[in-house]
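Participant: Supplied structure: my_file34.txt, compact mmCIF, C-alpha atoms.
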```txt
# COMPACT_ATOMS: atom_id res chain seq x y z
CA MET A 258 82.99 134.04 39.35
CA ALA A 259 86.36 134.40 41.12
CA ALA A 260 87.31 131.93 43.83
CA GLU A 261 87.18 133.25 47.40
CA SER A 262 90.24 131.31 48.51
CA ALA A 263 93.14 129.43 46.98
CA VAL A 264 94.43 125.96 47.85
CA LEU A 265 98.00 125.77 49.20
CA THR A 266 100.60 123.36 47.82
CA GLU A 267 104.41 123.34 48.26
CA SER A 268 107.34 122.63 45.96
CA GLN A 269 110.99 123.57 45.30
CA VAL A 270 113.05 125.55 42.82
CA THR A 271 116.84 125.53 42.29
CA SER A 272 118.80 128.79 42.57
CA ALA A 273 121.88 129.63 40.48
CA ASP A 274 124.35 127.94 42.84
CA GLY A 275 122.27 124.79 43.25
CA THR A 276 120.54 125.80 46.51
CA ARG A 277 117.11 124.20 46.66
CA LEU A 278 114.53 126.81 47.69
CA SER A 279 111.11 125.98 49.05
CA TYR A 280 108.08 127.81 47.74
CA ARG A 281 104.34 127.75 48.21
CA LYS A 282 101.63 128.25 45.64
CA TRP A 283 97.97 129.09 45.85
CA PRO A 284 96.66 128.50 42.32
CA VAL A 285 93.25 129.80 41.32
CA ALA A 286 91.34 128.13 38.49
CA ASN A 287 91.18 130.24 35.33
CA SER A 288 93.30 133.01 36.82
CA THR A 289 94.69 135.68 34.49
CA ILE A 290 97.55 136.90 36.68
CA THR A 291 99.97 135.11 39.01
CA PHE A 292 102.04 136.90 41.66
CA ALA A 293 105.60 135.79 42.41
CA VAL A 294 106.16 136.98 46.00
CA VAL A 295 109.56 137.65 47.60
CA HIS A 296 109.16 137.97 51.39
CA GLY A 297 110.87 140.17 53.99
CA LEU A 298 113.70 139.55 56.44
CA GLY A 299 113.03 136.92 59.11
CA GLU A 300 109.74 135.66 57.66
CA HIS A 301 108.78 133.25 54.89
CA GLY A 302 106.40 132.66 52.00
CA GLY A 303 103.83 130.90 54.14
CA ARG A 304 102.88 134.22 55.74
CA TYR A 305 101.28 135.29 52.44
CA GLN A 306 98.16 133.20 52.87
CA ARG A 307 96.09 136.35 53.56
CA PHE A 308 97.51 137.98 50.44
CA ALA A 309 96.78 134.88 48.36
CA ASP A 310 93.19 134.75 49.63
CA GLY A 311 92.74 138.48 49.09
CA MET A 312 93.88 138.37 45.47
CA ALA A 313 92.11 135.06 44.78
CA ARG A 314 88.84 136.96 45.17
CA PHE A 315 89.87 138.85 42.04
CA GLY A 316 90.79 135.67 40.20
CA MET A 317 94.55 135.95 40.72
CA SER A 318 97.00 133.22 41.80
CA THR A 319 99.98 133.53 44.15
CA TYR A 320 103.37 131.82 44.45
CA ALA A 321 105.70 132.75 47.35
CA VAL A 322 109.34 131.69 47.80
CA ASP A 323 111.41 131.08 50.93
CA LEU A 324 114.74 132.83 50.30
CA ARG A 325 117.87 131.01 51.51
CA GLY A 326 118.23 131.34 55.27
CA HIS A 327 114.46 131.57 55.69
CA GLY A 328 111.45 129.34 56.17
CA ASN A 329 111.88 125.83 54.79
CA SER A 330 114.90 126.75 52.65
CA PRO A 331 118.46 125.87 53.75
CA GLY A 332 121.15 128.26 54.92
CA GLN A 333 122.16 130.17 58.05
CA ARG A 334 119.17 132.15 59.28
CA GLY A 335 119.32 135.74 58.04
CA HIS A 336 122.69 135.40 56.31
CA VAL A 337 124.00 135.84 52.77
CA ASP A 338 127.64 136.01 51.73
CA SER A 339 126.60 138.52 49.07
CA TRP A 340 123.37 140.35 48.23
CA SER A 341 123.65 138.77 44.79
CA GLN A 342 122.69 135.41 46.34
CA TRP A 343 119.23 136.72 47.21
CA VAL A 344 119.02 138.38 43.79
CA ASP A 345 119.84 134.97 42.27
CA ASP A 346 117.16 133.34 44.44
CA ALA A 347 114.51 135.86 43.42
CA ALA A 348 115.43 135.71 39.74
CA ALA A 349 115.40 131.89 39.67
CA PHE A 350 112.05 131.83 41.44
CA ILE A 351 110.40 134.40 39.15
CA ASP A 352 111.74 132.61 36.08
CA HIS A 353 110.42 129.31 37.45
CA VAL A 354 106.93 130.72 38.02
CA GLU A 355 106.91 132.19 34.51
CA ARG A 356 107.65 128.73 33.12
CA GLN A 357 104.97 127.11 35.30
CA VAL A 358 102.00 129.24 34.21
CA ASP A 359 100.64 130.44 30.88
CA GLN A 360 99.60 133.89 32.07
CA GLU A 361 101.15 137.16 33.17
CA VAL A 362 103.47 136.89 36.18
CA VAL A 363 103.75 139.98 38.37
CA PRO A 364 106.70 139.91 40.82
CA LEU A 365 105.94 141.37 44.25
CA GLY A 366 108.54 142.16 46.92
CA HIS A 367 107.78 143.04 50.53
CA SER A 368 110.20 144.91 52.81
CA PHE A 369 113.69 143.35 52.37
CA GLY A 370 112.15 141.38 49.52
CA GLY A 371 111.24 144.68 47.90
CA ALA A 372 114.87 145.77 47.99
CA VAL A 373 115.91 142.38 46.57
CA LEU A 374 113.35 142.68 43.77
CA LEU A 375 114.51 146.20 42.93
CA SER A 376 118.10 144.96 42.75
CA ALA A 377 117.04 142.09 40.48
CA VAL A 378 115.18 144.44 38.14
CA LEU A 379 118.12 146.88 37.99
CA ALA A 380 120.54 144.01 37.35
CA GLY A 381 118.48 142.92 34.33
CA ARG A 382 117.54 139.67 36.03
CA VAL A 383 113.76 140.14 35.64
CA THR A 384 113.49 139.91 31.88
CA ARG A 385 109.92 138.94 31.01
CA ALA A 386 107.79 140.75 33.60
CA GLY A 387 106.06 143.86 32.27
CA ARG A 388 105.42 145.37 35.72
CA PHE A 389 105.99 144.68 39.41
CA VAL A 390 104.77 145.61 42.90
CA LEU A 391 106.63 146.74 46.03
CA SER A 392 105.18 146.59 49.52
CA SER A 393 106.96 148.68 52.21
CA PRO A 394 110.32 148.30 50.42
CA ALA A 395 113.21 148.31 52.89
CA LEU A 396 115.09 151.31 51.57
CA GLN A 397 115.26 153.39 54.74
CA LEU A 398 114.93 152.34 58.37
CA LYS A 399 112.51 154.34 60.49
CA VAL A 400 115.14 154.75 63.21
CA ALA A 401 118.45 156.03 61.87
CA VAL A 402 121.49 153.83 62.55
CA PRO A 403 124.22 155.81 64.39
CA ALA A 404 127.42 156.41 62.41
CA TRP A 405 129.54 154.49 64.94
CA LYS A 406 127.27 151.47 64.63
CA LYS A 407 127.56 151.55 60.85
CA ARG A 408 131.36 151.62 61.10
CA LEU A 409 131.32 148.76 63.60
CA GLY A 410 129.02 146.78 61.32
CA GLU A 411 131.32 147.32 58.34
CA MET A 412 134.34 146.14 60.33
CA THR A 413 132.48 143.10 61.70
CA SER A 414 131.21 142.24 58.22
CA ARG A 415 134.80 141.96 56.99
CA ILE A 416 136.17 140.08 60.00
CA THR A 417 133.26 137.86 61.10
CA PRO A 418 130.67 138.06 58.29
CA ARG A 419 128.51 135.28 59.73
CA LEU A 420 128.21 136.90 63.15
CA SER A 421 124.49 136.78 63.93
CA MET A 422 122.61 139.48 65.78
CA SER A 423 118.99 140.38 66.44
CA ASN A 424 117.21 142.08 63.56
CA GLU A 425 115.35 144.11 66.22
CA VAL A 426 111.96 143.61 64.59
CA ASP A 427 109.22 144.30 67.13
CA PRO A 428 106.25 142.13 66.04
CA SER A 429 103.83 144.80 67.26
CA THR A 430 105.08 147.13 64.50
CA LEU A 431 103.96 144.76 61.75
CA SER A 432 100.18 144.94 62.08
CA ARG A 433 97.33 146.45 64.08
CA LEU A 434 95.70 143.01 64.22
CA PRO A 435 96.57 141.19 67.49
CA GLU A 436 96.11 137.78 65.88
CA VAL A 437 98.70 138.61 63.21
CA VAL A 438 101.21 139.79 65.82
CA GLU A 439 100.69 136.67 67.94
CA ALA A 440 100.95 134.38 64.90
CA TYR A 441 104.27 136.00 63.99
CA ARG A 442 105.60 135.56 67.54
CA SER A 443 104.62 131.88 67.68
CA ASP A 444 105.55 130.92 64.09
CA PRO A 445 108.41 128.35 64.26
CA LEU A 446 109.57 129.37 60.76
CA VAL A 447 109.97 133.05 61.70
CA HIS A 448 113.39 134.07 63.02
CA SER A 449 114.91 137.25 64.45
CA LYS A 450 118.41 136.95 62.96
CA ILE A 451 120.55 139.06 60.67
CA SER A 452 124.26 138.57 60.08
CA SER A 453 126.79 141.39 60.03
CA ARG A 454 127.45 140.73 56.33
CA THR A 455 123.74 140.80 55.47
CA PHE A 456 123.32 144.15 57.22
CA THR A 457 126.13 145.84 55.32
CA GLU A 458 125.10 144.22 52.03
CA TRP A 459 121.55 145.52 52.55
CA GLN A 460 122.75 149.06 53.32
CA ARG A 461 124.87 149.16 50.17
CA SER A 462 122.19 147.64 47.96
CA ALA A 463 119.35 149.82 49.27
CA ALA A 464 121.41 152.95 48.57
CA GLU A 465 122.20 151.67 45.07
CA ASP A 466 118.53 150.84 44.41
CA LEU A 467 117.58 154.44 45.20
CA GLU A 468 120.49 155.91 43.27
CA ARG A 469 119.65 153.94 40.12
CA ALA A 470 115.84 154.04 40.35
CA GLY A 471 115.61 156.31 37.31
CA GLU A 472 116.97 153.46 35.18
CA ILE A 473 113.88 151.28 35.72
CA LYS A 474 112.08 150.82 32.41
CA ILE A 475 108.89 149.00 33.45
CA PRO A 476 105.94 150.29 35.52
CA PHE A 477 105.78 149.48 39.21
CA LEU A 478 103.40 150.07 42.10
CA ILE A 479 104.62 151.06 45.58
CA LEU A 480 102.48 150.53 48.69
CA ALA A 481 103.61 151.92 52.05
CA GLY A 482 101.96 152.44 55.44
CA SER A 483 101.90 155.98 56.79
CA ASP A 484 102.37 154.63 60.34
CA ASP A 485 105.09 152.08 59.54
CA ARG A 486 107.45 152.19 62.54
CA LEU A 487 109.92 149.72 61.05
CA ILE A 488 110.60 150.92 57.50
CA ASP A 489 110.31 154.65 56.85
CA PRO A 490 107.69 155.42 54.16
CA ASP A 491 109.94 158.33 53.15
CA GLY A 492 112.10 155.70 51.44
CA SER A 493 109.12 154.83 49.24
CA ARG A 494 108.52 158.51 48.56
CA ARG A 495 112.15 158.98 47.54
CA LEU A 496 111.94 155.96 45.24
CA HIS A 497 108.82 157.38 43.57
CA GLU A 498 110.47 160.80 43.17
CA ARG A 499 113.44 159.21 41.41
CA ALA A 500 111.28 157.17 39.02
CA PRO A 501 108.16 159.34 38.59
CA GLN A 502 107.33 158.15 35.08
CA MET A 503 107.44 154.46 35.92
CA SER A 504 106.13 154.36 39.50
CA THR A 505 102.77 154.79 41.21
CA LEU A 506 102.84 155.41 44.96
CA HIS A 507 100.05 154.86 47.48
CA VAL A 508 100.76 155.67 51.13
CA LEU A 509 98.04 153.90 53.11
CA GLU A 510 96.83 156.13 55.91
CA GLY A 511 97.19 154.56 59.36
CA HIS A 512 98.63 151.29 58.06
CA TYR A 513 101.60 149.56 59.68
CA HIS A 514 104.42 147.64 57.99
CA GLU A 515 102.44 144.76 56.47
CA PRO A 516 99.57 146.15 54.36
CA PHE A 517 98.34 142.64 53.48
CA ASN A 518 98.16 141.56 57.13
CA ASP A 519 96.76 144.75 58.64
CA ARG A 520 93.35 146.20 59.31
CA ASP A 521 91.63 147.36 56.13
CA SER A 522 93.88 145.10 54.05
CA GLU A 523 91.13 145.05 51.43
CA GLU A 524 92.26 148.57 50.51
CA ALA A 525 95.68 147.23 49.53
CA PHE A 526 94.21 144.33 47.55
CA THR A 527 91.85 146.65 45.68
CA LEU A 528 94.62 149.13 44.88
CA ILE A 529 96.69 146.34 43.33
CA ARG A 530 93.72 145.07 41.33
CA ASP A 531 92.85 148.54 40.05
CA TRP A 532 96.46 149.30 39.11
CA LEU A 533 96.73 146.03 37.20
CA ARG A 534 93.55 146.84 35.28
CA LYS A 535 94.95 150.08 33.87
```
Could the structure of this file be written out as structure tokens, please?
Facilitator:
Amino acid sequence: MAAESAVLTESQVTSADGTRLSYRKWPVANSTITFAVVHGLGEHGGRYQRFADGMARFGMSTYAVDLRGHGNSPGQRGHVDSWSQWVDDAAAFIDHVERQVDQEVVPLGHSFGGAVLLSAVLAGRVTRAGRFVLSSPALQLKVAVPAWKKRLGEMTSRITPRLSMSNEVDPSTLSRLPEVVEAYRSDPLVHSKISSRTFTEWQRSAAEDLERAGEIKIPFLILAGSDDRLIDPDGSRRLHERAPQMSTLHVLEGHYHEPFNDRDSEEAFTLIRDWLRK
């Protein structure tokens, strides 16, 4: 019988440039699948406790990294010099998990982490995984960025790449559960920062992820909330349209940005389980 919850422990993994990244793991005895989770902008791996517990009920384990500039990992909050640094972090973490367990590892990326995971897959940095999962991948903002602001961001990225600004994430857009919203607001490891360089690197990489989606050679599942006010679910639809043979898309009716931390989250957990059983 599958465990109903997993026990949290913490450890570290080294990225390509020597940066020591923190990660958490919720191992389940006799599990057959382990998830390697890459979180979204401003948050951290510790926020995936609900996901770990939800999948533990199906006998699946979870590991979740803190990318550089997030959580317990070092680095300026919300900043990378190059998108490739987060790709390196994700690739090193997934490889580490694959060496830690003797079962299938399924990478999962949420929001910005979904864009990072897509970039890693397209760069050939995810070599052993046979499939992966995306949750609300950050490919298209719900509110369009004005052209003048894009130009200003590009100029600032070149001149003062570490200039930090608010990521403008409204916690109330993440979940319909008040306790989740309040926990996000009060979490000392959550931050609201994004640097000018990170913003332009994300824009470029998200566009490239969509442009090259047809090159993906392994199956992947996309989950998106129909009422996501932060990341436009149309980005997920466009991704699916560009990789129809490899992707499966589920738009969860009424769900906000975080399907694992929202009302009716069991629907998301069950969809993942059923997809993995195919």
Participant: Within 12 Å of (102.2, 153.7, 61.3) (file coordinates; all atoms listed in the file), which protein or nucleic acid residues are there? I'd like them as number ranges by chain.
Facilitator: A: 393, 399, 429-433, 481-490, 508-516, 519-520
Participant: Name the residues, using the chain letters and numbers of the file, that sit within 8 Å of (119.7, 138.4, 61.4) when counting only C-alpha atoms, and give them as a VMD selection string.
Facilitator: chain A and resid 298 to 299 334 to 336 421 to 424 448 to 453 455 to 456
Participant: Any idea what the distance is between CA of Asp310 in chain A and CA of Gly332 in chain A?
Facilitator: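 Taking CA of Asp310 in chain A as the start and CA of Gly332 in chain A as the end point, the length is 29.2 Å.
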Participant: Within 10 Å of range 339-355 of chain A, which residues of range 443-515 of chain A show up? Give each one with its shortest atom-to-atom distance in Å (one decimal) and the two atoms involved, counting all atoms listed in the file, rows by chain then rising residue number, as JSON lines.
Facilitator:
```
{"residue": "A:Arg454", "atom": "CA", "partner": "A:Ser339", "partner_atom": "CA", "distance": 7.6}
{"residue": "A:Thr455", "atom": "CA", "partner": "A:Trp340", "partner_atom": "CA", "distance": 7.3}
{"residue": "A:Phe456", "atom": "CA", "partner": "A:Trp340", "partner_atom": "CA", "distance": 9.8}
{"residue": "A:Thr457", "atom": "CA", "partner": "A:Trp340", "partner_atom": "CA", "distance": 9.4}
{"residue": "A:Glu458", "atom": "CA", "partner": "A:Trp340", "partner_atom": "CA", "distance": 5.7}
{"residue": "A:Trp459", "atom": "CA", "partner": "A:Trp340", "partner_atom": "CA", "distance": 7.0}
{"residue": "A:Arg461", "atom": "CA", "partner": "A:Trp340", "partner_atom": "CA", "distance": 9.1}
{"residue": "A:Ser462", "atom": "CA", "partner": "A:Trp340", "partner_atom": "CA", "distance": 7.4}
```
Participant: Could you turn the residues from that selection into a file that holds C-alpha atoms, as a PDB file, in the frame of the given file?
Facilitator:
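File produced: selection.pdb:
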```pdb
ATOM      1  CA  ARG A 454     127.450 140.730  56.330  1.00  0.00           C
ATOM      2  CA  THR A 455     123.740 140.800  55.470  1.00  0.00           C
ATOM      3  CA  PHE A 456     123.320 144.150  57.220  1.00  0.00           C
ATOM      4  CA  THR A 457     126.130 145.840  55.320  1.00  0.00           C
ATOM      5  CA  GLU A 458     125.100 144.220  52.030  1.00  0.00           C
ATOM      6  CA  TRP A 459     121.550 145.520  52.550  1.00  0.00           C
ATOM      7  CA  ARG A 461     124.870 149.160  50.170  1.00  0.00           C
ATOM      8  CA  SER A 462     122.190 147.640  47.960  1.00  0.00           C
TER       9      SER A 462
END
```
Participant: What does the distance from CA of Arg534 in chain A to CA of Pro284 in chain A come to in Å, to one decimal?
Facilitator: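 Between these atoms lies a distance of 19.9 Å.
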